[in-house]
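Down below is the structure, laid out as structure tokens.
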Amino acid sequence: MKTLDLVSQANSLSKRLKTETAAQHAALDAAIMAGRPFASLDLYGRFLDVQRAFHRDVDALYGDPELIRLVPGLPALRRLPLIVRDLADLGLPPREEADAPAFAHGETHDLAEALGWLYVAEGSNLGAAFLLKQAAKLGLSESFGARHLAPAADGRGLSWRSFAAALDAAPLDASAARAASGAQAAFARIRSRVAKAF
Ligand code: HEM
């Protein structure tokens with residue numbers, strides 16, 4: 001790899017989002033694990049509810065034509081239907097939501113902000129390998145109760161690298177700061193839901 005490529009990778013949007021949300025990610029991991037979501041099915045159900053609310057927030061983005069143009073294969077990465085099936089596996093009814101999702105279906109979205117939220121949703125699948133192993137202790141698997149923690153069809157690593165490459169190729173320039181605030185808003189929203197759930 002040429003030095004110039006390495007420099008541009010280090011300054012890439014995906015790396016910037018990782019750096020600018022690292023503290024939030026660490027705090028969120030700690031808050032979730034403090035809730036002991038894999039200690040019982042009841043606690044896991046609360047974690048699933050947090051996941052459902054977050055993926056409901058971003059669900060509209062996976063069908064947004066502008067975002068699909070930037071991130072080929074985006075619709076196949078949608079995880080809300082898997083979470084709904086996980087809830088059904090465990091006999092948990094999907095809860096009615098009081099607030100509106102962060103992004104509404106059929107509307108045009110700020111692409112930079114939306115990419116920041118998608119970074120959080122897609123990155124979380126990278127860390128989900130660890131969570132899936134924990135869920136197995138409760139008898140859950142990628143075909144029962146923990147479907148949404150399964151890797152994407154082409155594998156976690158490859159799926160993530162393709163997504164990160166699409167992020168890095170997005171022509172954002174001056175609006176990269178809005179992507180960072182989108183990613184930070186996504187982490188903040190999940191964190192507040194975790195605080196209420198456990
Ligand atoms: C809904 C909750 C969570 C969200 C939204 C989330 C989000 C993310 C994001 C965005 C990344 C990608 C970072 C990057 O490389 O740019 C990531 C990676 C990772 N997360 Fe999480 N995360 C969550 C929960 C957790 C929990 C509870 C753990 C474990 C205690 C965890 C462990 C990890 C690990 C180990 C990685 C790195 C995986 C790798 O590089 O192979 N995450 N997560």
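Each chain in the structure tokens gets a letter, A, B and so on, in the order shown; residues start at 1 in every chain, and ligands are counted from 1 in the order they appear.
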List all protein, DNA and RNA residues that have at least one atom no more than 7 Å from any atom of ligand 1, counting only C-alpha atoms and all ligand atoms, and write them as a ChimeraX atom specification. /A:14-15,17-18,25,28-30,32-33,51,119-128,130-131,187,190
Counting only C-alpha atoms, what is within 7 Å of range 106-118 of chain A, bar same-chain residues fewer than 5 positions away, as a list in words? Leu67, Leu172, Ser175, Ala176, Arg178, Ala179, Ala180, Ser181, Gly182, Ala183 and Ala186 of chain A
Export of the given selection (N, CA and C atoms) as a JSON list (two decimals), in the first residue's frame:
```
[["chain", "number", "residue", "atom", "x", "y", "z"],
["A", 67, "LEU", "N", -29.12, 6.99, -0.04],
["A", 67, "LEU", "CA", -28.13, 6.25, 0.76],
["A", 67, "LEU", "C", -27.76, 4.94, 0.09],
["A", 172, "LEU", "N", -18.54, 13.73, 1.15],
["A", 172, "LEU", "CA", -19.09, 14.58, 2.22],
["A", 172, "LEU", "C", -18.32, 15.89, 2.39],
["A", 175, "SER", "N", -19.27, 18.43, 5.07],
["A", 175, "SER", "CA", -20.35, 17.98, 5.95],
["A", 175, "SER", "C", -19.96, 16.78, 6.83],
["A", 176, "ALA", "N", -18.66, 16.41, 6.82],
["A", 176, "ALA", "CA", -18.22, 15.28, 7.65],
["A", 176, "ALA", "C", -18.53, 15.54, 9.13],
["A", 178, "ARG", "N", -21.12, 16.85, 10.32],
["A", 178, "ARG", "CA", -22.52, 16.46, 10.59],
["A", 178, "ARG", "C", -22.63, 14.94, 10.74],
["A", 179, "ALA", "N", -21.78, 14.21, 10.01],
["A", 179, "ALA", "CA", -21.78, 12.74, 10.18],
["A", 179, "ALA", "C", -21.33, 12.40, 11.61],
["A", 180, "ALA", "N", -20.31, 13.11, 12.09],
["A", 180, "ALA", "CA", -19.84, 12.86, 13.45],
["A", 180, "ALA", "C", -20.92, 13.19, 14.47],
["A", 181, "SER", "N", -21.63, 14.32, 14.26],
["A", 181, "SER", "CA", -22.68, 14.61, 15.25],
["A", 181, "SER", "C", -23.85, 13.63, 15.13],
["A", 182, "GLY", "N", -24.08, 13.08, 13.92],
["A", 182, "GLY", "CA", -25.11, 12.04, 13.78],
["A", 182, "GLY", "C", -24.73, 10.80, 14.58],
["A", 183, "ALA", "N", -23.47, 10.39, 14.46],
["A", 183, "ALA", "CA", -23.01, 9.19, 15.18],
["A", 183, "ALA", "C", -23.09, 9.43, 16.69],
["A", 186, "ALA", "N", -26.66, 9.22, 17.83],
["A", 186, "ALA", "CA", -27.13, 7.83, 17.88],
["A", 186, "ALA", "C", -26.67, 7.18, 19.18]]
```
Selection near Ile68 in chain A, 12 Å with only C-alpha atoms, sequence-local residues under 4 positions removed, as a VMD selection string: chain A and resid 60 to 64 72 to 78 111 114 to 115 118 163 166 to 167 170
Can you list, as an MDAnalysis selection string, every residue of range 1-161 of chain A that DSSP puts in helix (DSSP H, G or I)? chainID A and resid 3:10 13:34 41:63 65:70 74:77 80:89 111:136 147:149 156:161
Between CA of Glu142 in chain A and CA of Glu96 in chain A, distance in Å (one decimal): 25.3 Å
Just checking: using only C-alpha atoms, which residue out of A:Leu158, A:Leu41, A:Val71, A:Ile83 ends up closest to Ser143 in chain A? A:Ile83
